[in-house]
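Undergrad: My structure file upload.txt, compact mmCIF, C-alpha atoms, is below:
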```
# COMPACT_ATOMS: atom_id res chain seq x y z
CA MET A 1 -18.44 -9.35 -50.66
CA SER A 2 -16.02 -7.12 -52.55
CA MET A 3 -12.95 -5.50 -51.01
CA ALA A 4 -14.55 -2.03 -51.21
CA ALA A 5 -17.65 -3.26 -49.37
CA GLU A 6 -15.51 -4.90 -46.69
CA GLU A 7 -13.48 -1.73 -46.19
CA ARG A 8 -16.68 0.30 -46.00
CA SER A 9 -18.17 -2.05 -43.41
CA VAL A 10 -15.03 -1.62 -41.30
CA ARG A 11 -14.95 2.18 -41.62
CA VAL A 12 -18.63 2.78 -40.84
CA PRO A 13 -18.48 1.78 -37.13
CA TRP A 14 -15.42 3.98 -36.59
CA ALA A 15 -17.08 6.89 -38.37
CA LEU A 16 -20.18 6.54 -36.20
CA THR A 17 -18.23 6.36 -32.94
CA ALA A 18 -15.70 9.04 -33.87
CA PRO A 19 -17.68 12.02 -32.40
CA ALA A 20 -18.21 10.28 -29.07
CA LEU A 21 -14.58 9.13 -29.03
CA MET A 22 -13.32 12.64 -29.73
CA LEU A 23 -15.54 14.02 -26.95
CA PHE A 24 -14.26 11.35 -24.55
CA VAL A 25 -10.64 12.16 -25.37
CA GLY A 26 -11.20 15.93 -25.23
CA VAL A 27 -13.11 16.21 -21.97
CA LEU A 28 -11.65 13.28 -20.01
CA LEU A 29 -8.35 11.85 -21.21
CA ILE A 30 -6.60 15.11 -22.06
CA PRO A 31 -7.51 16.85 -18.73
CA LEU A 32 -6.44 13.74 -16.80
CA ALA A 33 -3.14 13.60 -18.67
CA MET A 34 -2.55 17.31 -17.99
CA THR A 35 -3.31 16.77 -14.29
CA VAL A 36 -0.82 13.92 -14.08
CA MET A 37 1.84 16.00 -15.81
CA LEU A 38 1.11 18.94 -13.51
CA SER A 39 1.78 16.76 -10.45
CA PHE A 40 5.44 16.50 -11.48
CA HIS A 41 5.96 20.28 -11.69
CA ASP A 42 7.52 22.50 -9.04
CA TRP A 43 5.82 25.31 -7.15
CA GLY A 44 7.00 28.15 -4.95
CA GLN A 45 5.20 30.94 -3.15
CA TYR A 46 7.06 33.61 -5.10
CA LYS A 47 8.05 31.79 -8.27
CA GLY A 48 4.70 30.07 -8.94
CA ILE A 49 4.52 26.93 -11.07
CA GLU A 50 7.69 25.81 -12.84
CA PRO A 51 7.27 23.24 -15.65
CA VAL A 52 10.12 20.97 -14.55
CA PHE A 53 10.01 17.23 -13.96
CA ILE A 54 10.52 16.57 -10.24
CA LEU A 55 9.20 14.10 -7.66
CA LYS A 56 8.98 16.60 -4.78
CA ASN A 57 5.19 16.48 -4.51
CA TRP A 58 5.06 12.70 -4.55
CA LYS A 59 7.86 12.44 -1.99
CA GLU A 60 6.03 14.86 0.28
CA ILE A 61 2.85 12.78 0.09
CA ALA A 62 4.79 9.55 0.71
CA THR A 63 6.79 10.83 3.69
CA ASP A 64 4.39 13.17 5.49
CA PRO A 65 2.09 11.30 7.96
CA TYR A 66 -0.57 13.98 7.45
CA TYR A 67 -1.35 12.71 3.96
CA ALA A 68 -1.41 9.09 5.11
CA GLU A 69 -3.96 9.97 7.80
CA MET A 70 -5.98 12.04 5.35
CA PHE A 71 -6.19 9.21 2.79
CA TRP A 72 -6.95 6.68 5.51
CA ARG A 73 -9.78 8.96 6.73
CA THR A 74 -11.09 9.24 3.17
CA PHE A 75 -11.28 5.49 2.64
CA ARG A 76 -12.47 4.82 6.21
CA ILE A 77 -15.45 7.14 5.70
CA ALA A 78 -16.13 5.55 2.29
CA ILE A 79 -16.05 2.03 3.79
CA LEU A 80 -18.37 2.94 6.68
CA THR A 81 -20.75 4.66 4.27
CA THR A 82 -20.76 1.58 2.05
CA LEU A 83 -21.50 -0.73 4.98
CA LEU A 84 -24.31 1.51 6.23
CA THR A 85 -25.94 1.75 2.82
CA ALA A 86 -25.68 -2.03 2.37
CA LEU A 87 -27.30 -2.72 5.75
CA LEU A 88 -30.18 -0.36 5.03
CA GLY A 89 -30.41 -0.43 1.25
CA ALA A 90 -30.64 -4.21 0.75
CA PRO A 91 -33.71 -4.70 3.00
CA GLU A 92 -35.20 -1.54 1.51
CA ALA A 93 -34.86 -2.94 -2.00
CA TYR A 94 -36.29 -6.31 -0.95
CA ILE A 95 -39.35 -4.68 0.61
CA LEU A 96 -39.77 -2.52 -2.48
CA ASN A 97 -39.64 -5.59 -4.70
CA ARG A 98 -42.42 -7.28 -2.70
CA MET A 99 -44.78 -4.29 -2.89
CA SER A 100 -47.73 -4.01 -5.24
CA GLY A 101 -47.56 -1.85 -8.34
CA ARG A 102 -49.09 1.37 -6.98
CA TRP A 103 -47.12 1.44 -3.74
CA LYS A 104 -43.97 0.30 -5.51
CA SER A 105 -44.05 3.33 -7.80
CA PHE A 106 -44.59 5.69 -4.88
CA PHE A 107 -41.80 4.33 -2.72
CA LEU A 108 -39.47 4.07 -5.69
CA LEU A 109 -39.93 7.82 -6.07
CA VAL A 110 -39.17 8.19 -2.35
CA ILE A 111 -35.93 6.22 -2.76
CA LEU A 112 -34.94 8.31 -5.76
CA GLY A 113 -35.79 11.52 -3.90
CA PRO A 114 -32.22 12.31 -2.78
CA LEU A 115 -31.10 12.22 -6.41
CA LEU A 116 -33.69 14.82 -7.38
CA ILE A 117 -32.27 17.45 -5.01
CA SER A 118 -28.94 19.25 -5.27
CA VAL A 119 -26.23 17.62 -3.17
CA VAL A 120 -25.44 21.00 -1.62
CA ALA A 121 -29.08 21.51 -0.60
CA ARG A 122 -29.24 18.01 0.87
CA THR A 123 -26.05 18.50 2.84
CA LEU A 124 -27.13 21.91 4.13
CA GLY A 125 -30.32 20.25 5.30
CA TRP A 126 -28.28 17.73 7.27
CA ALA A 127 -26.19 20.56 8.70
CA LEU A 128 -29.39 22.17 10.00
CA LEU A 129 -30.56 18.85 11.44
CA PHE A 130 -27.23 18.24 13.18
CA GLY A 131 -26.76 21.86 14.28
CA GLY A 132 -24.49 21.20 17.26
CA ASN A 133 -25.90 20.41 20.70
CA ASN A 134 -29.23 22.11 19.94
CA GLY A 135 -29.79 20.40 16.60
CA LEU A 136 -33.07 18.65 15.84
CA VAL A 137 -31.43 15.21 15.74
CA ASN A 138 -29.96 15.55 19.23
CA LYS A 139 -33.21 17.00 20.60
CA LEU A 140 -35.21 14.11 19.13
CA LEU A 141 -32.82 11.45 20.46
CA MET A 142 -32.80 13.03 23.93
CA THR A 143 -36.59 13.31 23.92
CA LEU A 144 -36.89 9.62 23.04
CA GLY A 145 -34.41 8.76 25.79
CA ALA A 146 -31.93 7.20 23.36
CA ILE A 147 -29.10 9.42 24.59
CA ARG A 148 -28.43 11.44 27.74
CA SER A 149 -26.07 14.03 26.32
CA PRO A 150 -25.86 15.52 22.80
CA ILE A 151 -23.81 13.63 20.21
CA PRO A 152 -21.44 15.77 18.13
CA PHE A 153 -22.36 15.36 14.46
CA MET A 154 -20.96 18.48 12.84
CA PHE A 155 -17.25 18.37 12.00
CA THR A 156 -17.06 14.66 12.82
CA GLU A 157 -16.70 11.50 10.77
CA THR A 158 -20.03 10.27 12.17
CA GLY A 159 -21.89 13.19 10.64
CA MET A 160 -20.09 12.75 7.32
CA VAL A 161 -20.99 9.05 7.19
CA VAL A 162 -24.66 9.71 7.97
CA ALA A 163 -24.96 12.50 5.38
CA LEU A 164 -23.08 10.51 2.72
CA ALA A 165 -25.19 7.41 3.39
CA HIS A 166 -28.34 9.43 2.72
CA VAL A 167 -26.88 10.70 -0.54
CA MET A 168 -25.64 7.27 -1.68
CA MET A 169 -28.59 5.14 -0.54
CA PRO A 170 -30.40 5.20 -3.93
CA PHE A 171 -27.39 3.70 -5.71
CA MET A 172 -27.30 0.72 -3.35
CA ALA A 173 -31.07 0.22 -3.29
CA LEU A 174 -31.37 0.34 -7.08
CA SER A 175 -28.44 -2.08 -7.56
CA VAL A 176 -30.00 -4.61 -5.20
CA TRP A 177 -33.45 -4.07 -6.70
CA ALA A 178 -32.05 -4.81 -10.17
CA ALA A 179 -30.56 -8.05 -8.85
CA LEU A 180 -33.91 -8.98 -7.29
CA GLN A 181 -35.55 -8.82 -10.72
CA ARG A 182 -33.74 -12.08 -11.51
CA LEU A 183 -35.17 -13.78 -8.42
CA ASP A 184 -38.23 -15.94 -9.06
CA PRO A 185 -40.69 -15.44 -6.16
CA GLN A 186 -41.95 -18.98 -6.68
CA ILE A 187 -38.63 -20.28 -5.33
CA GLU A 188 -39.37 -18.64 -1.97
CA ASN A 189 -42.87 -20.12 -1.99
CA ALA A 190 -41.48 -23.56 -2.80
CA ALA A 191 -38.97 -23.34 0.05
CA MET A 192 -41.69 -22.20 2.44
CA SER A 193 -43.96 -25.07 1.39
CA LEU A 194 -41.12 -27.49 2.11
CA GLY A 195 -40.86 -26.19 5.67
CA ALA A 196 -37.98 -23.72 5.39
CA ARG A 197 -38.01 -20.96 7.97
CA PRO A 198 -37.93 -17.27 6.92
CA LEU A 199 -34.34 -16.82 8.10
CA THR A 200 -33.29 -19.92 6.17
CA ILE A 201 -34.98 -18.61 3.02
CA ILE A 202 -33.18 -15.29 3.39
CA ARG A 203 -29.81 -16.93 4.07
CA ARG A 204 -29.93 -19.77 1.57
CA ILE A 205 -32.04 -18.39 -1.29
CA ILE A 206 -32.31 -14.60 -1.24
CA MET A 207 -28.83 -13.57 -0.11
CA PRO A 208 -26.88 -15.58 -2.74
CA GLN A 209 -29.10 -14.10 -5.44
CA ILE A 210 -28.83 -10.46 -4.39
CA MET A 211 -25.18 -10.53 -3.32
CA PRO A 212 -23.91 -9.49 -6.80
CA GLY A 213 -26.24 -6.48 -6.61
CA VAL A 214 -24.99 -5.63 -3.13
CA LEU A 215 -21.37 -5.85 -4.23
CA SER A 216 -22.00 -3.86 -7.41
CA GLY A 217 -23.77 -1.19 -5.38
CA ALA A 218 -20.91 -1.24 -2.89
CA ILE A 219 -18.43 -0.43 -5.66
CA ILE A 220 -20.55 2.52 -6.81
CA VAL A 221 -21.13 3.84 -3.29
CA PHE A 222 -17.49 3.43 -2.27
CA SER A 223 -16.08 5.20 -5.30
CA LEU A 224 -18.57 8.08 -5.07
CA SER A 225 -18.09 8.44 -1.30
CA ALA A 226 -14.29 8.45 -1.54
CA SER A 227 -14.36 11.17 -4.19
CA ALA A 228 -17.23 13.23 -2.69
CA PHE A 229 -16.55 16.91 -2.11
CA ALA A 230 -19.66 18.90 -1.13
CA THR A 231 -20.77 16.73 1.78
CA PRO A 232 -17.32 16.43 3.44
CA ALA A 233 -16.68 20.14 2.87
CA ILE A 234 -19.92 21.22 4.59
CA ILE A 235 -20.22 18.60 7.34
CA GLY A 236 -16.51 18.02 7.94
CA GLY A 237 -15.42 21.63 7.51
CA ARG A 238 -11.81 22.69 7.22
CA ARG A 239 -10.70 20.73 10.29
CA LEU A 240 -11.67 17.30 8.96
CA LYS A 241 -10.30 17.10 5.45
CA VAL A 242 -10.54 14.26 2.96
CA ALA A 243 -8.71 13.84 -0.33
CA ALA A 244 -11.22 15.85 -2.39
CA THR A 245 -11.33 18.82 0.00
CA LEU A 246 -7.54 18.79 0.36
CA ALA A 247 -7.07 18.89 -3.42
CA TYR A 248 -9.56 21.77 -3.58
CA ASP A 249 -7.68 23.73 -0.92
CA GLU A 250 -4.35 23.17 -2.63
CA PHE A 251 -5.73 24.38 -5.95
CA LEU A 252 -7.75 27.40 -4.82
CA ASN A 253 -6.47 28.46 -1.38
CA THR A 254 -2.71 27.84 -1.26
CA LEU A 255 -2.50 27.84 -5.11
CA ASN A 256 -0.12 24.88 -4.98
CA TRP A 257 -1.53 23.28 -8.09
CA PRO A 258 1.16 20.59 -8.52
CA LEU A 259 0.58 19.23 -4.99
CA GLY A 260 -3.18 19.32 -5.50
CA ALA A 261 -2.76 17.49 -8.79
CA ALA A 262 -0.65 14.83 -7.06
CA VAL A 263 -3.34 14.30 -4.40
CA ALA A 264 -6.07 14.09 -7.05
CA THR A 265 -4.03 11.69 -9.20
CA LEU A 266 -3.27 9.41 -6.26
CA LEU A 267 -6.95 9.31 -5.30
CA LEU A 268 -7.93 8.49 -8.89
CA VAL A 269 -5.34 5.70 -9.19
CA ALA A 270 -6.38 4.19 -5.85
CA LEU A 271 -10.06 4.23 -6.79
CA VAL A 272 -9.42 2.72 -10.22
CA LEU A 273 -7.36 -0.12 -8.72
CA ILE A 274 -9.96 -0.81 -6.03
CA VAL A 275 -12.91 -0.71 -8.43
CA VAL A 276 -11.25 -2.82 -11.15
CA GLY A 277 -9.98 -5.37 -8.63
CA SER A 278 -13.33 -5.62 -6.85
CA ASN A 279 -15.23 -5.95 -10.11
CA ALA A 280 -12.92 -8.76 -11.25
CA LEU A 281 -13.42 -10.62 -7.96
CA ILE A 282 -17.19 -10.19 -8.13
CA GLU A 283 -17.45 -11.48 -11.70
CA ARG A 284 -15.17 -14.43 -10.88
CA ARG A 285 -17.02 -15.33 -7.67
CA TYR A 286 -20.51 -14.95 -9.15
CA ALA A 287 -19.81 -15.93 -12.75
CA GLU A 288 -22.98 -18.02 -12.98
CA VAL A 289 -25.17 -15.09 -11.94
CA PHE A 290 -23.72 -12.73 -14.55
CA ARG A 291 -24.27 -15.17 -17.44
```
Take the structure in the file and write it out as structure tokens.
TA:
Amino acid sequence: MSMAAEERSVRVPWALTAPALMLFVGVLLIPLAMTVMLSFHDWGQYKGIEPVFILKNWKEIATDPYYAEMFWRTFRIAILTTLLTALLGAPEAYILNRMSGRWKSFFLLVILGPLLISVVARTLGWALLFGGNNGLVNKLLMTLGAIRSPIPFMFTETGMVVALAHVMMPFMALSVWAALQRLDPQIENAAMSLGARPLTIIRRIIMPQIMPGVLSGAIIVFSLSASAFATPAIIGGRRLKVAATLAYDEFLNTLNWPLGAAVATLLLVALVLIVVGSNALIERRYAEVFR
């Protein structure tokens, strides 16, 4: 191969990927870089934003217990949502995988249903179901005798976890379902023919196979739940803020853009570290499954 042909073979891939790369840099990297730079600027009620390099916003976040509690609430809600989706989504995906073709298609559409509706519409629906002491959920639970007095759902972490779990359930179910595609059903039949009990089959055969899917889904659900805005804003309200709603208030209500940029940047860095670290641990622990 001549030198010209070699150079052309090297340039062609870059030329083909250049539009996508330019779009990636323009709509993602540049705004993120501007947000990080904005977090080091100063702000005053009368002087507005001053383009000076200071650490005031970061010091305020590091020293004020309010921000520590707010970030801890954000990640606590994300963790509880992840656990709830894992407990419900993994069995849901297993049952879906064992269904016949016609019913599998129908219930797959049911699982994907939350993704087909606007997140605002879904959350407003949950707000109507919760609806304080006279909400449909409390009335149903009291009618069934499950509770004696109404449970507060609106403006509580419990309501936020329930609403977020409904929104994030498809991501967990689909991740586990994808992992189940690798599982040979004949292995379960062989174990059953050898006298293994159903719980033993689940614990020794099914769980090790679907665990990478559960952990991959957990990463997706956790990152989306920690950065969610619409559901915490509607269910949690202004009294129960998370990182996303706080950044929104700083940008649009108090107009303290540098502080809002610092909150958003810290949330992004924390999520990137958690996701990258978790993904590395998953691939190392289940290296054989990912081959």
Undergrad: Just the number, please: distance in Å from CA of Ser278 (chain A) to CA of Gly213 (chain A), one decimal.
TA: 12.9 Å
Undergrad: Report as an MDAnalysis selection string all protein, DNA and RNA residues lying within 9 Å of Thr265 (chain A), evaluated on all atoms listed in the file, omitting residues in the same chain fewer than 2 positions from it.
TA: chainID A and resid 32 35:36 39 260:263 267:270
Undergrad: Could you give me, as a list in words, the residues that sit within 6 Å of (-14.4, 13.5, 8.7) in the file's coordinates, counting only C-alpha atoms?
TA: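 Those residues, ordered by chain and then number, are Thr156, Glu157, Met160, Gly236 and Leu240 of chain A.
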Undergrad: With distances taken over only C-alpha atoms, which residue among A:Ala179, A:Leu108, A:Met192, A:Leu164 lies nearest Trp126 (chain A)?
TA: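 Counting only C-alpha atoms, the residue closest to Trp126 (chain A) is A:Leu164.
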Undergrad: Centre and edge lengths, as JSON, for the axis-aligned box enclosing every listed atom of region 128-131 of chain A with 4 Å of padding on each of the six sides, in Å to one decimal?
TA:
```
{"center_x": -28.7, "center_y": 20.2, "center_z": 12.1, "size_x": 11.8, "size_y": 11.9, "size_z": 12.3}
```
Undergrad: Could I get the residues of region 207-279 of chain A with an atom no further than 9 Å from an atom of region 46-51 of chain A, each paired with its nearest atom pair and that distance in Å to one decimal, using all atoms listed in the file, sorted by chain and residue number, as CSV?
TA:
```
residue,atom,partner,partner_atom,distance
A:Leu255,CA,A:Gly48,CA,8.5
A:Asn256,CA,A:Ile49,CA,7.9
A:Trp257,CA,A:Ile49,CA,7.7
A:Pro258,CA,A:Ile49,CA,7.6
```
Undergrad: So, counting all atoms listed in the file, which residue among A:Leu281, A:Leu259, A:Met169, A:Met142 is closest to Ala247 (chain A)?
TA: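 For Ala247 (chain A), the nearest of the candidates is A:Leu259.
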Undergrad: Ranking A:Ile282, A:Leu87, A:Ala226, A:Leu180 by minimum distance to Ile206 (chain A) and counting all atoms listed in the file, which one comes first?
TA: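 That would be A:Leu180, the residue with the smallest distance to Ile206 (chain A).
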Undergrad: So, counting only C-alpha atoms, which residue among A:Asn189, A:Gly113, A:Leu96, A:Leu128 is closest to Ile205 (chain A)?
TA: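 Looking at the shortest contact to Ile205 (chain A), the residue is A:Asn189.
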Undergrad: My list of candidates is A:Ala178, A:Ala196, A:Ala264, A:Leu141. Which is closest to Ser227 (chain A) when distances are computed with all atoms listed in the file?
TA: A:Ala264
Undergrad: Tell me which protein, DNA and RNA residues are within 10 Å of Val275 (chain A), counting only C-alpha atoms, leaving out same-chain ones fewer than 2 positions away, and put them as a CSV table (one decimal) with C-alpha atoms, in the coordinates of the input.
TA:
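Listing of selection.csv after writing:
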```csv
chain,number,residue,atom,x,y,z
A,216,SER,CA,-22.0,-3.9,-7.4
A,218,ALA,CA,-20.9,-1.2,-2.9
A,219,ILE,CA,-18.4,-0.4,-5.7
A,220,ILE,CA,-20.6,2.5,-6.8
A,222,PHE,CA,-17.5,3.4,-2.3
A,223,SER,CA,-16.1,5.2,-5.3
A,269,VAL,CA,-5.3,5.7,-9.2
A,270,ALA,CA,-6.4,4.2,-5.8
A,271,LEU,CA,-10.1,4.2,-6.8
A,272,VAL,CA,-9.4,2.7,-10.2
A,273,LEU,CA,-7.4,-0.1,-8.7
A,277,GLY,CA,-10.0,-5.4,-8.6
A,278,SER,CA,-13.3,-5.6,-6.8
A,279,ASN,CA,-15.2,-6.0,-10.1
A,280,ALA,CA,-12.9,-8.8,-11.2
A,281,LEU,CA,-13.4,-10.6,-8.0
```
Undergrad: With all atoms listed in the file counted, which protein, DNA or RNA residues have an atom no more than 12 Å from (-28.9, -11.4, 1.2) in the file frame? Please answer as a PyMOL selection string.
TA: chain A and resi 86-94+176-177+179-180+183+199-215
Undergrad: What does the distance from CA of Ala173 (chain A) to CA of Thr245 (chain A) come to in Å, to one decimal?
TA: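 CA of Thr245 (chain A) lies 27.3 Å from CA of Ala173 (chain A).
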Undergrad: Measuring atom to atom with all atoms listed in the file, identify which of A:Leu16, A:Val167, A:Leu174, A:Ile147 is nearest to Asn97 (chain A).
TA: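 Closest to Asn97 (chain A) of all the choices is A:Leu174.
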Undergrad: For a test of reading the model, state the distance in Å between CA of His166 (chain A) and CA of Ile234 (chain A), rounded to one decimal.
TA: 14.6 Å
Undergrad: What's the 9 Å shell around Thr254 (chain A), counting only C-alpha atoms, without same-chain residues fewer than 4 positions away, as number ranges by chain?
TA: A: 45, 249-250
Undergrad: Just add N, CA and C atoms to region 125-139 of chain A and send it as a short mmCIF file (atom, residue, chain, number, x, y, z; two decimals), in the coordinates of the input.
TA:
```cif
data_model
loop_
_atom_site.label_atom_id
_atom_site.label_comp_id
_atom_site.auth_asym_id
_atom_site.auth_seq_id
_atom_site.Cartn_x
_atom_site.Cartn_y
_atom_site.Cartn_z
N GLY A 125 -29.22 20.74 4.48
CA GLY A 125 -30.32 20.25 5.30
C GLY A 125 -29.83 19.40 6.46
N TRP A 126 -28.86 18.52 6.19
CA TRP A 126 -28.28 17.73 7.27
C TRP A 126 -27.53 18.61 8.27
N ALA A 127 -26.88 19.65 7.79
CA ALA A 127 -26.19 20.56 8.70
C ALA A 127 -27.18 21.24 9.65
N LEU A 128 -28.36 21.59 9.14
CA LEU A 128 -29.39 22.17 10.00
C LEU A 128 -29.94 21.15 10.99
N LEU A 129 -30.07 19.89 10.54
CA LEU A 129 -30.56 18.85 11.44
C LEU A 129 -29.55 18.55 12.54
N PHE A 130 -28.26 18.50 12.17
CA PHE A 130 -27.23 18.24 13.18
C PHE A 130 -27.09 19.44 14.12
N GLY A 131 -26.73 20.58 13.58
CA GLY A 131 -26.76 21.86 14.28
C GLY A 131 -26.17 21.90 15.66
N GLY A 132 -25.11 21.14 15.94
CA GLY A 132 -24.49 21.20 17.26
C GLY A 132 -25.35 20.55 18.34
N ASN A 133 -25.19 21.01 19.57
CA ASN A 133 -25.90 20.41 20.70
C ASN A 133 -27.40 20.68 20.65
N ASN A 134 -27.82 21.75 20.00
CA ASN A 134 -29.23 22.11 19.94
C ASN A 134 -29.88 21.71 18.62
N GLY A 135 -29.24 20.84 17.88
CA GLY A 135 -29.79 20.40 16.60
C GLY A 135 -31.02 19.53 16.79
N LEU A 136 -31.83 19.42 15.75
CA LEU A 136 -33.07 18.65 15.84
C LEU A 136 -32.81 17.17 16.10
N VAL A 137 -31.73 16.62 15.54
CA VAL A 137 -31.43 15.21 15.74
C VAL A 137 -31.13 14.93 17.20
N ASN A 138 -30.28 15.75 17.82
CA ASN A 138 -29.96 15.55 19.23
C ASN A 138 -31.19 15.77 20.12
N LYS A 139 -32.00 16.76 19.81
CA LYS A 139 -33.21 17.00 20.60
C LYS A 139 -34.16 15.81 20.52
#
```
